[in-house]
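Right, one structure below, let's go through it.
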Amino acid sequence: MFNKVLVAEDLDSISISVVQALKELSVGEIHHAKYCDEAFLKIKKAILEKKEYDLLISDLSFKPDHNQNSLTTGEELINAVKKTQPEIKTIVFSIEDKSFRIKSLFENSGINAYISKGRNSIPQLKSAIQEVFNNGKNIISPELSHILSHKSLIEIEAYDISLLKLLSKGMILDEIALSLKKEEIAPNSHSSIEKRINKLKINFKANNNVQLIAITKDLGLI
């Protein structure tokens with residue numbers, strides 16, 4: 001079983017249940033973080049000390065408060081952690097049920113499992129932890145299993161998500177291109193960005209950029 005696990009969850013009641021499940025699975029060392037930035041700092045500190053975490057279990061939504069955080073969602077946390085420690089196993093434990101977002105987490109963020117919070121979620125989480133430990137991949141709650149095999153879902157790449165997020169901030173083409181170049185994300189030329197946005201509008205049947213952002217927000221992509 002995993003030796004060292006970090007739980008990123010802002011609700012104490014859920015965190016307690018997850019920690020208890022980990023104890024029942026005989027996990028040696030369990031840590032908890034209520035904020036994404038706090039979780040990321042723990043990950044980096046563990047790497048520096050050569051005592052890396054084996055598994056990260058994270059929610060997707062974290063309620064904002066007076067603390068300022070650069071990482072505000074579980075998805076942002078996972079992506080940052082994966083860049084720092086690519087081999088770490090990751091499980092999302094969330095109430096989110098939007099197909100596009102869940103599929104993107106598997107395909108673009110490289111998560112190992114997705115468990116939906118609900119009445120029977122803790123037994124499902126325990127089972128997922130065991131499966132992930134045994135190198136299981138693409139583990140998902142039974143009620144959401146159709147998502148990974150649904151042929152009609154549009155293939156969305158990490159690049160598209162980055163593009164949509166910048167577009168949702170009201171950025172114009174020049175600003176998007178500059179931002180992508182700073183982040184070393186390619187392609188970042190005006191023509192390639194414009195072509196990609198037009199393709200996304202066709203895929204999502206959006207008449208303009210405003211409608212495109214509204215649709216993708218509703219689907220949980222951004």
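In the structure tokens, chains take the letters A, B, ... in the order shown, each chain's residues start at 1, and ligands count up from 1 in the order shown.
By only C-alpha atoms, and with residues fewer than 5 positions from Asp59 in chain A along its chain excluded, the set lying at most 6 Å from it is Glu9, Gly74, Val92, Phe93 and Ser94 of chain A.
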Requested write-out: C-alpha atoms of the selected residues, as a PDB file, in the first residue's frame:
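Written out: again-v2.pdb:
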```
ATOM      1  CA  GLU A   9      -9.751  19.027   0.579  1.00  0.00           C
ATOM      2  CA  GLY A  74      -7.855  20.988  -7.959  1.00  0.00           C
ATOM      3  CA  VAL A  92      -9.819  13.193  -7.998  1.00  0.00           C
ATOM      4  CA  PHE A  93     -12.591  12.989  -5.388  1.00  0.00           C
ATOM      5  CA  SER A  94     -15.252  15.476  -6.389  1.00  0.00           C
TER       6      SER A  94
END
```
Give the alpha helix (DSSP H) residues of range 73-151 of chain A, as assigned by DSSP on the backbone, as number ranges by chain. A: 74-84, 99-107, 121-133, 146-149
Considering only C-alpha atoms, tabulate each residue of range 21-122 of chain A that lies at most 6 Å from range 132-148 of chain A along with its nearest interatomic pair and the corresponding distance in Å to one decimal; arrange the rows by chain and ascending residue number and present them as JSON lines.
```
{"residue": "A:Ser99", "atom": "CA", "partner": "A:Ile147", "partner_atom": "CA", "distance": 5.8}
{"residue": "A:Asn112", "atom": "CA", "partner": "A:Lys137", "partner_atom": "CA", "distance": 5.0}
{"residue": "A:Ala113", "atom": "CA", "partner": "A:Ile139", "partner_atom": "CA", "distance": 4.4}
{"residue": "A:Tyr114", "atom": "CA", "partner": "A:Ile140", "partner_atom": "CA", "distance": 4.7}
{"residue": "A:Ile115", "atom": "CA", "partner": "A:Ser141", "partner_atom": "CA", "distance": 5.1}
```
N, CA, C and O atoms of the current selection, written as a PDB file, in the first residue's frame:
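Just written: selection14.pdb:
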```
ATOM      1  N   SER A  99     -19.119  15.838 -18.194  1.00  0.00           N
ATOM      2  CA  SER A  99     -18.376  14.876 -19.000  1.00  0.00           C
ATOM      3  C   SER A  99     -17.079  15.420 -19.564  1.00  0.00           C
ATOM      4  O   SER A  99     -16.024  14.779 -19.469  1.00  0.00           O
ATOM      5  N   ASN A 112      -5.219   9.236 -12.430  1.00  0.00           N
ATOM      6  CA  ASN A 112      -5.369   7.779 -12.446  1.00  0.00           C
ATOM      7  C   ASN A 112      -6.797   7.330 -12.158  1.00  0.00           C
ATOM      8  O   ASN A 112      -7.226   6.274 -12.635  1.00  0.00           O
ATOM      9  N   ALA A 113      -7.504   8.152 -11.367  1.00  0.00           N
ATOM     10  CA  ALA A 113      -8.866   7.748 -10.991  1.00  0.00           C
ATOM     11  C   ALA A 113      -9.737   8.962 -10.704  1.00  0.00           C
ATOM     12  O   ALA A 113      -9.236  10.014 -10.296  1.00  0.00           O
ATOM     13  N   TYR A 114     -11.039   8.788 -10.931  1.00  0.00           N
ATOM     14  CA  TYR A 114     -12.013   9.843 -10.636  1.00  0.00           C
ATOM     15  C   TYR A 114     -13.174   9.207  -9.884  1.00  0.00           C
ATOM     16  O   TYR A 114     -13.876   8.341 -10.429  1.00  0.00           O
ATOM     17  N   ILE A 115     -13.364   9.636  -8.644  1.00  0.00           N
ATOM     18  CA  ILE A 115     -14.448   9.110  -7.825  1.00  0.00           C
ATOM     19  C   ILE A 115     -15.408  10.235  -7.480  1.00  0.00           C
ATOM     20  O   ILE A 115     -15.012  11.282  -6.980  1.00  0.00           O
TER      21      ILE A 115
END
```
Got a sec: who's within 8 Å of Ile30 in chain A, counting only C-alpha atoms, leaving out chain neighbours fewer than 5 positions off, as a list in words? Lys4, Val5, Leu6, Val7, Val19 and Leu22 of chain A
Nearest to Phe2 in chain A, chosen from A:Asp65, A:Glu131, A:Asp37, A:Glu194, with only C-alpha atoms counted in the distances: A:Glu131
Write out as a PyMOL selection string the residues lying within 9 Å of range 189-191 of chain A, counting only C-alpha atoms and excluding same-chain residues fewer than 4 positions away. chain A and resi 173-174+176-177+181+195-196
Residues of range 51-114 of chain A that have any atom at most 12 Å from an atom of range 204-220 of chain A: could you tabulate them with the shortest-distance atom pair and the distance in Å to one decimal, using only C-alpha atoms, ordered by chain and increasing number, as a tab-separated table?
```
residue	atom	partner	partner_atom	distance
A:Leu60	CA	A:Gly220	CA	11.2
A:Ser61	CA	A:Gly220	CA	11.7
A:Glu75	CA	A:Gly220	CA	11.5
A:Glu96	CA	A:Gly220	CA	8.6
A:Asp97	CA	A:Gly220	CA	8.9
A:Lys98	CA	A:Gly220	CA	5.9
A:Ser99	CA	A:Leu219	CA	7.4
A:Phe100	CA	A:Leu219	CA	6.3
A:Arg101	CA	A:Gly220	CA	5.4
A:Ile102	CA	A:Gly220	CA	8.7
A:Lys103	CA	A:Gly220	CA	10.7
A:Ser104	CA	A:Gly220	CA	10.0
A:Leu105	CA	A:Gly220	CA	11.2
```
I'd like the neighbourhood of Leu25 in chain A as a PyMOL selection string, where a residue qualifies if any of its atoms comes within 10 Å (using only C-alpha atoms), though same-chain residues fewer than 3 positions away should be ignored. chain A and resi 1-2+19-22+28+126-127+129-130
Please produce a file of the residues just selected, as a CSV table (one decimal), in the first residue's frame, where the atoms kept are N, CA, C and O atoms.
```csv
chain,number,residue,atom,x,y,z
A,1,MET,N,0.8,-1.2,0.0
A,1,MET,CA,0.0,0.0,0.0
A,1,MET,C,0.9,1.3,0.0
A,1,MET,O,2.1,1.2,0.4
A,2,PHE,N,0.3,2.4,-0.4
A,2,PHE,CA,1.0,3.6,-0.5
A,2,PHE,C,1.6,4.0,0.9
A,2,PHE,O,1.0,3.8,2.0
A,19,VAL,N,-9.3,10.5,5.3
A,19,VAL,CA,-8.2,10.1,6.1
A,19,VAL,C,-8.5,8.8,6.8
A,19,VAL,O,-7.6,7.9,6.9
A,20,GLN,N,-9.7,8.6,7.3
A,20,GLN,CA,-10.1,7.4,8.0
A,20,GLN,C,-10.0,6.2,7.0
A,20,GLN,O,-9.5,5.1,7.3
A,21,ALA,N,-10.4,6.4,5.7
A,21,ALA,CA,-10.4,5.4,4.7
A,21,ALA,C,-8.9,5.0,4.5
A,21,ALA,O,-8.6,3.8,4.3
A,22,LEU,N,-8.0,6.0,4.4
A,22,LEU,CA,-6.6,5.7,4.2
A,22,LEU,C,-6.0,4.9,5.4
A,22,LEU,O,-5.2,4.0,5.2
A,28,GLY,N,0.8,4.5,5.7
A,28,GLY,CA,1.8,4.9,6.8
A,28,GLY,C,1.7,6.3,7.2
A,28,GLY,O,1.7,6.6,8.4
A,126,LYS,N,-11.9,3.8,-1.6
A,126,LYS,CA,-11.0,2.8,-1.0
A,126,LYS,C,-10.6,1.8,-2.1
A,126,LYS,O,-9.4,1.4,-2.2
A,127,SER,N,-11.6,1.4,-2.9
A,127,SER,CA,-11.3,0.4,-4.0
A,127,SER,C,-10.4,1.1,-5.0
A,127,SER,O,-9.5,0.4,-5.5
A,129,ILE,N,-8.2,3.5,-4.6
A,129,ILE,CA,-6.9,3.6,-4.0
A,129,ILE,C,-6.1,2.3,-4.2
A,129,ILE,O,-4.9,2.3,-4.6
A,130,GLN,N,-6.8,1.2,-3.9
A,130,GLN,CA,-6.1,-0.1,-4.0
A,130,GLN,C,-5.8,-0.4,-5.5
A,130,GLN,O,-4.7,-0.9,-5.8
```
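The coordinates place CA of His32 in chain A at 16.2 Å from CA of Ile88 in chain A.
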If you run DSSP over the backbone, which residues in range 34-144 of chain A end up strand (DSSP E or B)? Put them as a ChimeraX atom specification. /A:55-58,61,73,89-94,113-116,139-140
Based on the selection just made, write N, CA and C atoms of those residues as a PDB file, in the first residue's frame.
```pdb
ATOM      1  N   LEU A  55       0.944   9.452  -3.444  1.00  0.00           N
ATOM      2  CA  LEU A  55      -0.414   9.644  -3.968  1.00  0.00           C
ATOM      3  C   LEU A  55      -0.968  10.995  -3.534  1.00  0.00           C
ATOM      4  N   LEU A  56      -1.640  11.662  -4.478  1.00  0.00           N
ATOM      5  CA  LEU A  56      -2.375  12.892  -4.183  1.00  0.00           C
ATOM      6  C   LEU A  56      -3.855  12.627  -4.432  1.00  0.00           C
ATOM      7  N   ILE A  57      -4.676  12.901  -3.411  1.00  0.00           N
ATOM      8  CA  ILE A  57      -6.136  12.821  -3.562  1.00  0.00           C
ATOM      9  C   ILE A  57      -6.657  14.246  -3.439  1.00  0.00           C
ATOM     10  N   SER A  58      -7.324  14.725  -4.479  1.00  0.00           N
ATOM     11  CA  SER A  58      -7.732  16.124  -4.478  1.00  0.00           C
ATOM     12  C   SER A  58      -9.177  16.323  -4.925  1.00  0.00           C
ATOM     13  N   SER A  61     -13.040  21.626  -6.476  1.00  0.00           N
ATOM     14  CA  SER A  61     -13.506  22.959  -6.068  1.00  0.00           C
ATOM     15  C   SER A  61     -13.045  23.297  -4.661  1.00  0.00           C
ATOM     16  N   THR A  73      -7.940  25.825  -8.061  1.00  0.00           N
ATOM     17  CA  THR A  73      -8.754  24.631  -8.315  1.00  0.00           C
ATOM     18  C   THR A  73      -7.902  23.374  -8.220  1.00  0.00           C
ATOM     19  N   LYS A  89       0.967   9.414  -8.309  1.00  0.00           N
ATOM     20  CA  LYS A  89      -0.373   8.937  -8.631  1.00  0.00           C
ATOM     21  C   LYS A  89      -1.394   9.987  -8.172  1.00  0.00           C
ATOM     22  N   THR A  90      -2.465  10.140  -8.916  1.00  0.00           N
ATOM     23  CA  THR A  90      -3.461  11.157  -8.573  1.00  0.00           C
ATOM     24  C   THR A  90      -4.878  10.610  -8.687  1.00  0.00           C
ATOM     25  N   ILE A  91      -5.682  10.933  -7.665  1.00  0.00           N
ATOM     26  CA  ILE A  91      -7.097  10.573  -7.644  1.00  0.00           C
ATOM     27  C   ILE A  91      -7.904  11.834  -7.390  1.00  0.00           C
ATOM     28  N   VAL A  92      -8.901  12.076  -8.222  1.00  0.00           N
ATOM     29  CA  VAL A  92      -9.819  13.193  -7.998  1.00  0.00           C
ATOM     30  C   VAL A  92     -11.036  12.667  -7.265  1.00  0.00           C
ATOM     31  N   PHE A  93     -11.415  13.352  -6.186  1.00  0.00           N
ATOM     32  CA  PHE A  93     -12.591  12.989  -5.388  1.00  0.00           C
ATOM     33  C   PHE A  93     -13.478  14.219  -5.343  1.00  0.00           C
ATOM     34  N   SER A  94     -14.503  14.245  -6.187  1.00  0.00           N
ATOM     35  CA  SER A  94     -15.252  15.476  -6.389  1.00  0.00           C
ATOM     36  C   SER A  94     -16.717  15.209  -6.701  1.00  0.00           C
ATOM     37  N   ALA A 113      -7.504   8.152 -11.367  1.00  0.00           N
ATOM     38  CA  ALA A 113      -8.866   7.748 -10.991  1.00  0.00           C
ATOM     39  C   ALA A 113      -9.737   8.962 -10.704  1.00  0.00           C
ATOM     40  N   TYR A 114     -11.039   8.788 -10.931  1.00  0.00           N
ATOM     41  CA  TYR A 114     -12.013   9.843 -10.636  1.00  0.00           C
ATOM     42  C   TYR A 114     -13.174   9.207  -9.884  1.00  0.00           C
ATOM     43  N   ILE A 115     -13.364   9.636  -8.644  1.00  0.00           N
ATOM     44  CA  ILE A 115     -14.448   9.110  -7.825  1.00  0.00           C
ATOM     45  C   ILE A 115     -15.408  10.235  -7.480  1.00  0.00           C
ATOM     46  N   SER A 116     -16.670  10.008  -7.774  1.00  0.00           N
ATOM     47  CA  SER A 116     -17.705  11.005  -7.538  1.00  0.00           C
ATOM     48  C   SER A 116     -18.196  10.923  -6.096  1.00  0.00           C
ATOM     49  N   ILE A 139      -9.596   4.706 -13.715  1.00  0.00           N
ATOM     50  CA  ILE A 139     -10.605   4.180 -12.784  1.00  0.00           C
ATOM     51  C   ILE A 139     -11.622   5.276 -12.521  1.00  0.00           C
ATOM     52  N   ILE A 140     -12.898   4.941 -12.639  1.00  0.00           N
ATOM     53  CA  ILE A 140     -13.940   5.952 -12.512  1.00  0.00           C
ATOM     54  C   ILE A 140     -15.163   5.360 -11.831  1.00  0.00           C
TER      55      ILE A 140
END
```
Between CA of Phe62 in chain A and CA of Asp10 in chain A, what distance in Å does the model show, to one decimal?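 These two atoms are separated by 6.1 Å.
With only C-alpha atoms taken into account, the protein and nucleic acid residues at most 12 Å from Glu87 in chain A (excluding it and anything under 4 positions from it in its own chain) are Ile47, Glu52, Tyr53, Asp54, Leu55, Leu56, Ile78, Val81, Lys82, Lys83, Gly110, Ile111, Asn112 and Asn135 of chain A.
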Output of the above residues as an mmCIF file, in the first residue's frame, restricted to N, CA and C atoms:
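Below is the file that was written, selection_23.cif:
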```
data_model
loop_
_atom_site.group_PDB
_atom_site.id
_atom_site.type_symbol
_atom_site.label_atom_id
_atom_site.label_comp_id
_atom_site.auth_asym_id
_atom_site.auth_seq_id
_atom_site.Cartn_x
_atom_site.Cartn_y
_atom_site.Cartn_z
ATOM 1 N N ILE A 47 9.679 16.726 -1.918
ATOM 2 C CA ILE A 47 10.665 16.399 -2.954
ATOM 3 C C ILE A 47 12.058 16.841 -2.520
ATOM 4 N N GLU A 52 9.192 11.957 -0.982
ATOM 5 C CA GLU A 52 8.083 12.287 -1.856
ATOM 6 C C GLU A 52 6.778 11.584 -1.476
ATOM 7 N N TYR A 53 5.686 12.252 -1.817
ATOM 8 C CA TYR A 53 4.365 11.627 -1.673
ATOM 9 C C TYR A 53 4.179 10.604 -2.784
ATOM 10 N N ASP A 54 3.466 9.533 -2.467
ATOM 11 C CA ASP A 54 3.166 8.494 -3.461
ATOM 12 C C ASP A 54 1.842 8.764 -4.167
ATOM 13 N N LEU A 55 0.944 9.452 -3.444
ATOM 14 C CA LEU A 55 -0.414 9.644 -3.968
ATOM 15 C C LEU A 55 -0.968 10.995 -3.534
ATOM 16 N N LEU A 56 -1.640 11.662 -4.478
ATOM 17 C CA LEU A 56 -2.375 12.892 -4.183
ATOM 18 C C LEU A 56 -3.855 12.627 -4.432
ATOM 19 N N ILE A 78 -3.278 19.778 -9.661
ATOM 20 C CA ILE A 78 -2.799 18.525 -10.255
ATOM 21 C C ILE A 78 -1.838 18.798 -11.403
ATOM 22 N N VAL A 81 1.457 19.958 -9.949
ATOM 23 C CA VAL A 81 2.144 18.837 -9.291
ATOM 24 C C VAL A 81 2.743 17.889 -10.323
ATOM 25 N N LYS A 82 2.000 17.620 -11.384
ATOM 26 C CA LYS A 82 2.474 16.695 -12.418
ATOM 27 C C LYS A 82 3.733 17.216 -13.118
ATOM 28 N N LYS A 83 3.834 18.545 -13.241
ATOM 29 C CA LYS A 83 5.038 19.137 -13.840
ATOM 30 C C LYS A 83 6.240 18.989 -12.909
ATOM 31 N N GLY A 110 -3.703 13.672 -16.778
ATOM 32 C CA GLY A 110 -3.083 12.383 -16.453
ATOM 33 C C GLY A 110 -3.466 11.798 -15.113
ATOM 34 N N ILE A 111 -4.720 12.048 -14.670
ATOM 35 C CA ILE A 111 -5.134 11.461 -13.389
ATOM 36 C C ILE A 111 -5.299 9.951 -13.542
ATOM 37 N N ASN A 112 -5.219 9.236 -12.430
ATOM 38 C CA ASN A 112 -5.369 7.779 -12.446
ATOM 39 C C ASN A 112 -6.797 7.330 -12.158
ATOM 40 N N ASN A 135 -1.289 -0.236 -9.933
ATOM 41 C CA ASN A 135 -1.047 0.306 -11.279
ATOM 42 C C ASN A 135 -2.278 0.334 -12.175
#
```
